[in-house]
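S.K.: Below is the file structure.cif, which contains mmCIF, C-alpha atoms.
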data_upload
loop_
_atom_site.label_atom_id
_atom_site.label_comp_id
_atom_site.auth_asym_id
_atom_site.auth_seq_id
_atom_site.Cartn_x
_atom_site.Cartn_y
_atom_site.Cartn_z
CA ASP A 1 0.00 0.00 0.00
CA GLY A 2 1.25 3.47 -0.86
CA GLY A 3 1.19 6.05 1.87
CA ILE A 4 2.91 8.20 4.42
CA THR A 5 4.13 6.88 7.73
CA GLN A 6 5.14 8.85 10.78
CA SER A 7 6.83 7.58 13.88
CA PRO A 8 6.53 7.50 16.75
CA LYS A 9 2.82 8.07 17.29
CA TYR A 10 3.45 9.56 20.73
CA LEU A 11 6.68 11.18 21.90
CA PHE A 12 7.64 12.62 25.24
CA ARG A 13 10.49 15.04 25.65
CA LYS A 14 12.16 16.58 28.63
CA GLU A 15 12.92 20.27 28.47
CA GLY A 16 16.29 20.96 26.90
CA GLN A 17 16.30 17.84 24.74
CA ASN A 18 16.27 17.61 20.97
CA VAL A 19 13.94 15.03 19.44
CA THR A 20 13.55 13.82 15.86
CA LEU A 21 10.24 12.90 14.25
CA SER A 22 10.31 10.49 11.35
CA CYS A 23 8.34 10.84 8.10
CA GLU A 24 8.56 8.36 5.22
CA GLN A 25 6.52 8.15 2.01
CA ASN A 26 6.38 5.57 -0.75
CA LEU A 27 4.13 7.58 -3.08
CA ASN A 28 7.08 8.75 -5.19
CA HIS A 29 6.14 12.32 -4.35
CA ASP A 30 8.72 15.04 -4.89
CA ALA A 31 7.47 17.52 -2.31
CA MET A 32 7.19 16.99 1.44
CA TYR A 33 5.97 19.21 4.24
CA TRP A 34 5.87 19.50 8.02
CA TYR A 35 2.96 21.16 9.81
CA ARG A 36 2.17 21.85 13.40
CA GLN A 37 -1.43 21.66 14.63
CA ASP A 38 -2.58 23.28 17.86
CA PRO A 39 -6.15 23.29 19.21
CA GLY A 40 -8.28 25.98 17.58
CA GLN A 41 -5.63 26.84 15.00
CA GLY A 42 -5.17 25.83 11.42
CA LEU A 43 -2.21 23.85 10.24
CA ARG A 44 0.93 25.97 10.36
CA LEU A 45 3.75 25.23 7.96
CA ILE A 46 7.13 24.58 9.57
CA TYR A 47 9.33 23.49 6.64
CA TYR A 48 8.84 22.17 3.16
CA SER A 49 11.00 20.52 0.55
CA GLN A 50 10.31 20.45 -3.17
CA ILE A 51 13.26 18.28 -4.10
CA VAL A 52 15.99 16.17 -2.52
CA ASN A 53 18.76 18.15 -0.79
CA ASP A 54 16.69 21.33 -0.78
CA PHE A 55 14.20 22.69 1.75
CA GLN A 56 12.63 26.00 2.67
CA LYS A 57 11.43 27.59 5.90
CA GLY A 58 7.72 27.88 6.41
CA ASP A 59 5.86 30.29 8.64
CA ILE A 60 7.09 28.95 12.00
CA ALA A 61 10.56 27.44 11.37
CA GLU A 62 12.27 28.82 14.48
CA GLY A 63 13.37 26.04 16.81
CA TYR A 64 13.04 23.32 14.15
CA SER A 65 15.40 21.77 11.63
CA VAL A 66 14.96 19.30 8.77
CA SER A 67 16.96 17.33 6.23
CA ARG A 68 16.05 15.82 2.87
CA GLU A 69 18.77 13.36 1.93
CA LYS A 70 16.39 10.89 0.30
CA LYS A 71 13.25 11.41 -1.72
CA GLU A 72 11.27 9.14 0.62
CA SER A 73 12.33 10.67 3.92
CA PHE A 74 11.92 14.09 5.56
CA PRO A 75 12.76 13.97 9.29
CA LEU A 76 11.98 16.89 11.58
CA THR A 77 14.10 17.76 14.61
CA VAL A 78 12.49 19.76 17.37
CA THR A 79 15.33 21.51 19.13
CA SER A 80 15.58 22.86 22.65
CA ALA A 81 15.26 26.33 21.13
CA GLN A 82 11.57 25.67 20.40
CA LYS A 83 9.90 27.23 23.43
CA ASN A 84 6.47 25.64 23.14
CA PRO A 85 6.90 22.32 21.33
CA THR A 86 3.90 20.43 22.70
CA ALA A 87 1.67 19.93 19.66
CA PHE A 88 0.45 17.49 17.02
CA TYR A 89 2.92 17.28 14.14
CA LEU A 90 1.78 16.31 10.65
CA CYS A 91 3.88 15.34 7.68
CA ALA A 92 2.48 15.61 4.16
CA SER A 93 3.62 15.00 0.62
CA SER A 94 2.54 15.93 -2.89
CA ARG A 95 3.66 15.51 -6.45
CA GLN A 96 5.57 18.45 -7.79
CA GLY A 97 3.48 21.20 -9.25
CA SER A 98 1.12 23.93 -8.11
CA THR A 99 -2.01 21.89 -8.87
CA ASP A 100 -1.14 18.92 -6.72
CA THR A 101 -2.83 18.39 -3.40
CA GLN A 102 -1.18 17.24 -0.23
CA TYR A 103 -1.68 13.88 1.44
CA PHE A 104 -1.05 13.54 5.14
CA GLY A 105 0.50 11.00 7.46
CA PRO A 106 -1.14 9.90 10.73
CA GLY A 107 0.73 12.44 12.87
CA THR A 108 2.99 12.45 15.93
CA ARG A 109 1.84 13.83 19.25
CA LEU A 110 4.78 15.48 21.04
CA THR A 111 4.50 16.32 24.72
CA VAL A 112 7.12 18.17 26.72
CA LEU A 113 7.35 16.99 30.32
CA GLN B 114 -7.21 38.88 8.96
CA LYS B 115 -6.56 35.20 8.37
CA GLU B 116 -6.33 34.16 4.73
CA VAL B 117 -8.81 31.34 5.30
CA GLU B 118 -11.54 31.71 7.92
CA GLN B 119 -13.64 28.87 9.23
CA ASP B 120 -16.20 28.71 12.04
CA PRO B 121 -14.79 26.27 14.64
CA GLY B 122 -18.21 25.05 15.75
CA PRO B 123 -18.95 22.63 17.23
CA LEU B 124 -21.86 21.82 14.95
CA SER B 125 -24.25 19.15 16.22
CA VAL B 126 -26.89 17.59 13.95
CA PRO B 127 -29.16 14.53 14.07
CA GLU B 128 -28.44 11.55 11.89
CA GLY B 129 -29.83 11.98 8.39
CA ALA B 130 -29.58 15.78 8.38
CA ILE B 131 -28.00 17.83 5.62
CA VAL B 132 -24.83 19.47 6.90
CA SER B 133 -23.44 22.72 5.54
CA LEU B 134 -19.85 23.64 6.33
CA ASN B 135 -18.42 26.96 5.17
CA CYS B 136 -15.21 28.90 4.76
CA THR B 137 -14.21 32.28 3.43
CA TYR B 138 -10.88 33.24 1.96
CA SER B 139 -9.27 36.58 1.23
CA ASN B 140 -6.67 35.98 -1.47
CA SER B 141 -8.00 36.31 -5.01
CA ALA B 142 -5.00 34.35 -6.28
CA PHE B 143 -6.32 31.13 -4.73
CA GLN B 144 -7.51 28.83 -7.48
CA TYR B 145 -7.69 25.40 -5.88
CA PHE B 146 -9.88 24.49 -2.96
CA MET B 147 -9.89 21.38 -0.81
CA TRP B 148 -11.83 19.83 2.03
CA TYR B 149 -10.16 17.45 4.44
CA ARG B 150 -11.76 15.28 7.13
CA GLN B 151 -9.80 14.68 10.31
CA TYR B 152 -10.78 12.18 12.95
CA SER B 153 -9.50 12.70 16.47
CA ARG B 154 -5.74 12.11 16.78
CA LYS B 155 -5.45 11.19 13.10
CA GLY B 156 -4.02 12.87 10.04
CA PRO B 157 -6.34 14.82 7.70
CA GLU B 158 -7.83 12.83 4.83
CA LEU B 159 -8.53 14.52 1.49
CA LEU B 160 -12.28 14.53 0.76
CA MET B 161 -12.84 16.92 -2.10
CA TYR B 162 -10.69 18.94 -4.48
CA THR B 163 -12.11 21.63 -6.75
CA TYR B 164 -10.76 24.16 -9.18
CA SER B 165 -12.34 27.56 -9.66
CA SER B 166 -16.04 28.23 -9.18
CA GLY B 167 -18.82 25.69 -9.35
CA ASN B 168 -19.97 22.47 -7.75
CA LYS B 169 -18.39 19.05 -7.47
CA GLU B 170 -20.23 16.03 -6.18
CA ASP B 171 -18.87 12.76 -4.79
CA GLY B 172 -21.41 10.45 -3.23
CA ARG B 173 -22.99 12.19 -0.24
CA PHE B 174 -20.54 15.09 -0.45
CA THR B 175 -20.84 18.24 -2.56
CA ALA B 176 -18.19 20.95 -2.64
CA GLN B 177 -19.16 24.40 -3.83
CA VAL B 178 -16.90 27.34 -4.64
CA ASP B 179 -18.08 30.90 -5.29
CA LYS B 180 -15.03 32.92 -6.29
CA SER B 181 -17.01 36.15 -6.63
CA SER B 182 -17.75 36.12 -2.91
CA LYS B 183 -14.66 34.09 -1.91
CA TYR B 184 -16.86 31.49 -0.27
CA ILE B 185 -16.29 27.73 -0.04
CA SER B 186 -18.88 25.22 1.12
CA LEU B 187 -19.12 21.50 1.80
CA PHE B 188 -22.53 19.84 1.96
CA ILE B 189 -23.02 16.40 3.47
CA ARG B 190 -26.32 14.65 2.67
CA ASP B 191 -27.83 11.94 4.85
CA SER B 192 -25.25 12.55 7.55
CA GLN B 193 -24.07 9.55 9.57
CA PRO B 194 -22.48 9.23 13.01
CA SER B 195 -19.31 8.16 11.21
CA ASP B 196 -19.18 11.65 9.67
CA SER B 197 -18.41 13.05 13.13
CA ALA B 198 -15.00 14.62 12.70
CA THR B 199 -13.25 17.94 12.17
CA TYR B 200 -13.51 19.30 8.63
CA LEU B 201 -10.70 21.49 7.33
CA CYS B 202 -11.04 23.70 4.30
CA ALA B 203 -7.92 24.69 2.39
CA SER B 204 -7.09 27.07 -0.43
CA LYS B 205 -4.10 26.94 -2.72
CA GLY B 206 -2.49 29.50 -4.94
CA GLY B 207 0.86 28.68 -6.44
CA PHE B 208 2.85 26.43 -4.16
CA LYS B 209 1.41 27.46 -0.81
CA THR B 210 -1.66 25.88 0.76
CA ILE B 211 -3.52 27.72 3.54
CA PHE B 212 -5.72 25.74 5.90
CA GLY B 213 -8.69 26.86 7.94
CA ALA B 214 -8.78 26.03 11.64
CA GLY B 215 -11.43 23.35 11.12
CA THR B 216 -15.08 22.88 12.08
CA ARG B 217 -15.96 20.13 14.56
CA LEU B 218 -19.04 18.19 13.48
CA PHE B 219 -21.05 15.83 15.68
CA VAL B 220 -23.75 13.65 14.10
CA LYS B 221 -26.04 12.18 16.75
CA ALA B 222 -27.58 8.74 16.23
#
Mind turning the file's structure into structure tokens?

M.R.:
Amino acid sequence: DGGITQSPKYLFRKEGQNVTLSCEQNLNHDAMYWYRQDPGQGLRLIYYSQIVNDFQKGDIAEGYSVSREKKESFPLTVTSAQKNPTAFYLCASSRQGSTDTQYFGPGTRLTVL
Amino acid sequence: QKEVEQDPGPLSVPEGAIVSLNCTYSNSAFQYFMWYRQYSRKGPELLMYTYSSGNKEDGRFTAQVDKSSKYISLFIRDSQPSDSATYLCASKGGFKTIFGAGTRLFVKA
């Protein structure tokens, strides 16, 4: 089955720690995205990548970092510089092109203890 | 002003009712419009995708876009308890997609 997988489903972090969220897709999509979802707010774009070895900051990139070494993978690191990291994180992918819609993974719930 | 505005609800209806969900957007450059359904603690699932003004129907779901008033609607006929979820509208112009905050829908059996 083609799709997007995210792991882990739940993640707990102590203050001051960096954590990495995994996102893998086997849809052969060129573009991948990371969003953050908080209650009562729309999805906010953290980073996106249109092609391997290239990525761009979204609206709320501070305190986050990404890499895109393989087409299938787009991991997100939440660093200790992110002051309010507790949220639901969603990864998405799409084919290249302005007409293509995004398909989402199941999400990772990150909680800071 | 947010680029895509959506009433958060919650909206509660009896089973079998017709549901109307709505969004407004502010950017005239948006040309593509989507509706996603999101169950609790799950990722959003694409329901409908439309281009420009007009209606698009898929089973019990109808998406409607009125570009003159910058208004997007999703109608659900014969609503079922399994339709209980959060519905996100989204608008796309160029590469960027802007999402509404979502409307929570409860369909009571």

S.K.: Give the residues of chain A that lie within 10 Å of chain B; count all atoms listed in the file, and format the answer as a ChimeraX atom specification.

M.R.: /A:9,37-45,48,50,58,88-92,96-109

S.K.: Between atom CA of B:Arg150 and atom CA of B:Ile189, measure the distance and give it in Å to one decimal.

M.R.: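 Between atom CA of B:Arg150 and atom CA of B:Ile189 the gap works out to 11.9 Å.
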
S.K.: Can you tell me how far atom CA of A:Ser65 sits from atom CA of A:Asn53, in Å to one decimal?

M.R.: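 Separation between atom CA of A:Ser65 and atom CA of A:Asn53: 13.4 Å.
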
S.K.: Can you pull out every residue within 10 Å of B:Ser141, counting all atoms listed in the file, but drop anything in the same chain fewer than 4 positions away, and send it as a PyMOL selection string?

M.R.: chain B and resi 180-183+206

S.K.: Could you give me, as a list in words, the residues within 7 Å of B:Val132, counting all atoms listed in the file and dropping anything in the same chain fewer than 4 positions from it?

M.R.: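 In the requested form, the answer reads Phe188, Ile189, Arg190 and Ser192 of chain B.
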
S.K.: I'd like the contact shell of A:Thr86 - 6 Å cut-off, all atoms listed in the file, skipping same-chain residues fewer than 3 positions apart - returned as a PyMOL selection string.

M.R.: chain A and resi 110-112

S.K.: Tell me, as a PyMOL selection string, which residues lie within 10 Å of B:Ser153, counting all atoms listed in the file; anything in the same chain fewer than 6 positions away does not count.

M.R.: chain B and resi 197-199

S.K.: If we draw a sphere of 10 Å around (19.5, 22.5, 13.2), which residues have at least one atom in it when counting all atoms listed in the file? Please report them as a PyMOL selection string.

M.R.: chain A and resi 18+62-67+76-79+81

S.K.: For the PyMOL selection byres ((chain B and resi 124) around 8), applied here, can you spell out every residue it catches as a PyMOL selection string?

M.R.: chain B and resi 122-123+125-126+216-219

S.K.: With the file shown as input, list the residues that the PyMOL selection byres ((chain B and resi 172) around 12) selects, as a list in words.

M.R.: Leu160, Met161, Lys169, Glu170, Asp171, Arg173, Phe174, Thr175, Ala176, Phe188, Ile189, Arg190, Asp191 and Ser192 of chain B

S.K.: For B:Gly167, which residue out of B:Phe143, B:Tyr200, B:Tyr138, B:Tyr184 is the nearest one, using all atoms listed in the file?

M.R.: B:Tyr184

S.K.: Need the neighbours of (6.6, 8.3, -7.8): which residues are at most 12 Å away, counting all atoms listed in the file, as JSON, numbers by chain?

M.R.: {"A": [2, 3, 25, 26, 27, 28, 29, 30, 31, 71, 72, 93, 94, 95, 96]}

S.K.: Quote the spacing between atom CA of B:Asp120 and atom CA of A:Arg36 in Å to one decimal place.

M.R.: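 These two atoms are separated by 19.7 Å.
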
S.K.: Which one of A:Asp54, A:Gly16, A:Glu24, A:Lys70 sits closest to A:Asn84 if you count all atoms listed in the file?

M.R.: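 Looking at the shortest contact to A:Asn84, the residue is A:Gly16.
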
S.K.: Pick out the residues sitting within 7 Å of B:Asn135, and hand them over as an mmCIF file with C-alpha atoms, in the frame of the given file; count all atoms listed in the file, and ignore anything fewer than 5 positions along from it in its own chain.

M.R.:
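The new file out39.cif reads:
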data_model
loop_
_atom_site.group_PDB
_atom_site.id
_atom_site.type_symbol
_atom_site.label_atom_id
_atom_site.label_comp_id
_atom_site.auth_asym_id
_atom_site.auth_seq_id
_atom_site.Cartn_x
_atom_site.Cartn_y
_atom_site.Cartn_z
ATOM 1 C CA GLN B 119 -13.640 28.870 9.230
ATOM 2 C CA ILE B 185 -16.290 27.730 -0.040
ATOM 3 C CA SER B 186 -18.880 25.220 1.120
ATOM 4 C CA LEU B 187 -19.120 21.500 1.800
#

S.K.: How big is the axis-aligned box around all listed atoms of stretch 170-185 of chain B once 6 Å goes on each side, and where's its centre, in Å to one decimal, as lines of an AutoDock Vina configuration file?

M.R.:
center_x = -18.8
center_y = 23.3
center_z = -3.3
size_x = 20.3
size_y = 37.7
size_z = 18.6

S.K.: Reconstruct N, CA, C and O atoms of stretch 146-162 of chain B; output as a JSON list (two decimals), keeping the file's coordinate frame.

M.R.:
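The resulting file, result.json, is reproduced below:
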[["chain", "number", "residue", "atom", "x", "y", "z"],
["B", 146, "PHE", "N", -9.22, 24.52, -4.25],
["B", 146, "PHE", "CA", -9.88, 24.49, -2.96],
["B", 146, "PHE", "C", -10.11, 23.04, -2.55],
["B", 146, "PHE", "O", -10.54, 22.21, -3.36],
["B", 147, "MET", "N", -9.80, 22.75, -1.30],
["B", 147, "MET", "CA", -9.89, 21.38, -0.81],
["B", 147, "MET", "C", -10.68, 21.32, 0.49],
["B", 147, "MET", "O", -10.75, 22.29, 1.25],
["B", 148, "TRP", "N", -11.25, 20.18, 0.73],
["B", 148, "TRP", "CA", -11.83, 19.83, 2.03],
["B", 148, "TRP", "C", -11.17, 18.56, 2.53],
["B", 148, "TRP", "O", -11.06, 17.58, 1.78],
["B", 149, "TYR", "N", -10.74, 18.61, 3.78],
["B", 149, "TYR", "CA", -10.16, 17.45, 4.44],
["B", 149, "TYR", "C", -11.03, 17.07, 5.63],
["B", 149, "TYR", "O", -11.61, 17.93, 6.30],
["B", 150, "ARG", "N", -11.08, 15.79, 5.93],
["B", 150, "ARG", "CA", -11.76, 15.28, 7.13],
["B", 150, "ARG", "C", -10.68, 14.75, 8.06],
["B", 150, "ARG", "O", -9.79, 14.01, 7.64],
["B", 151, "GLN", "N", -10.78, 15.13, 9.34],
["B", 151, "GLN", "CA", -9.80, 14.68, 10.31],
["B", 151, "GLN", "C", -10.50, 14.09, 11.52],
["B", 151, "GLN", "O", -11.20, 14.80, 12.25],
["B", 152, "TYR", "N", -10.29, 12.81, 11.74],
["B", 152, "TYR", "CA", -10.78, 12.18, 12.95],
["B", 152, "TYR", "C", -9.80, 12.47, 14.08],
["B", 152, "TYR", "O", -8.62, 12.79, 13.86],
["B", 153, "SER", "N", -10.29, 12.34, 15.31],
["B", 153, "SER", "CA", -9.50, 12.70, 16.47],
["B", 153, "SER", "C", -8.17, 11.94, 16.50],
["B", 153, "SER", "O", -8.13, 10.72, 16.33],
["B", 154, "ARG", "N", -7.09, 12.67, 16.67],
["B", 154, "ARG", "CA", -5.74, 12.11, 16.78],
["B", 154, "ARG", "C", -5.28, 11.38, 15.52],
["B", 154, "ARG", "O", -4.45, 10.48, 15.58],
["B", 155, "LYS", "N", -5.85, 11.77, 14.38],
["B", 155, "LYS", "CA", -5.45, 11.19, 13.10],
["B", 155, "LYS", "C", -5.02, 12.29, 12.15],
["B", 155, "LYS", "O", -5.26, 13.47, 12.38],
["B", 156, "GLY", "N", -4.37, 11.91, 11.05],
["B", 156, "GLY", "CA", -4.02, 12.87, 10.04],
["B", 156, "GLY", "C", -5.21, 13.23, 9.17],
["B", 156, "GLY", "O", -6.15, 12.44, 9.02],
["B", 157, "PRO", "N", -5.25, 14.43, 8.59],
["B", 157, "PRO", "CA", -6.34, 14.82, 7.70],
["B", 157, "PRO", "C", -6.38, 13.93, 6.45],
["B", 157, "PRO", "O", -5.34, 13.55, 5.92],
["B", 158, "GLU", "N", -7.59, 13.66, 6.00],
["B", 158, "GLU", "CA", -7.83, 12.83, 4.83],
["B", 158, "GLU", "C", -8.51, 13.69, 3.76],
["B", 158, "GLU", "O", -9.52, 14.34, 4.05],
["B", 159, "LEU", "N", -7.96, 13.71, 2.56],
["B", 159, "LEU", "CA", -8.53, 14.52, 1.49],
["B", 159, "LEU", "C", -9.91, 13.99, 1.09],
["B", 159, "LEU", "O", -10.07, 12.83, 0.75],
["B", 160, "LEU", "N", -10.92, 14.89, 1.14],
["B", 160, "LEU", "CA", -12.28, 14.53, 0.76],
["B", 160, "LEU", "C", -12.63, 15.01, -0.63],
["B", 160, "LEU", "O", -13.16, 14.27, -1.45],
["B", 161, "MET", "N", -12.40, 16.30, -0.85],
["B", 161, "MET", "CA", -12.84, 16.92, -2.10],
["B", 161, "MET", "C", -11.77, 17.90, -2.57],
["B", 161, "MET", "O", -11.11, 18.56, -1.76],
["B", 162, "TYR", "N", -11.67, 18.04, -3.87],
["B", 162, "TYR", "CA", -10.69, 18.94, -4.48],
["B", 162, "TYR", "C", -11.38, 19.60, -5.67],
["B", 162, "TYR", "O", -11.89, 18.92, -6.55]]
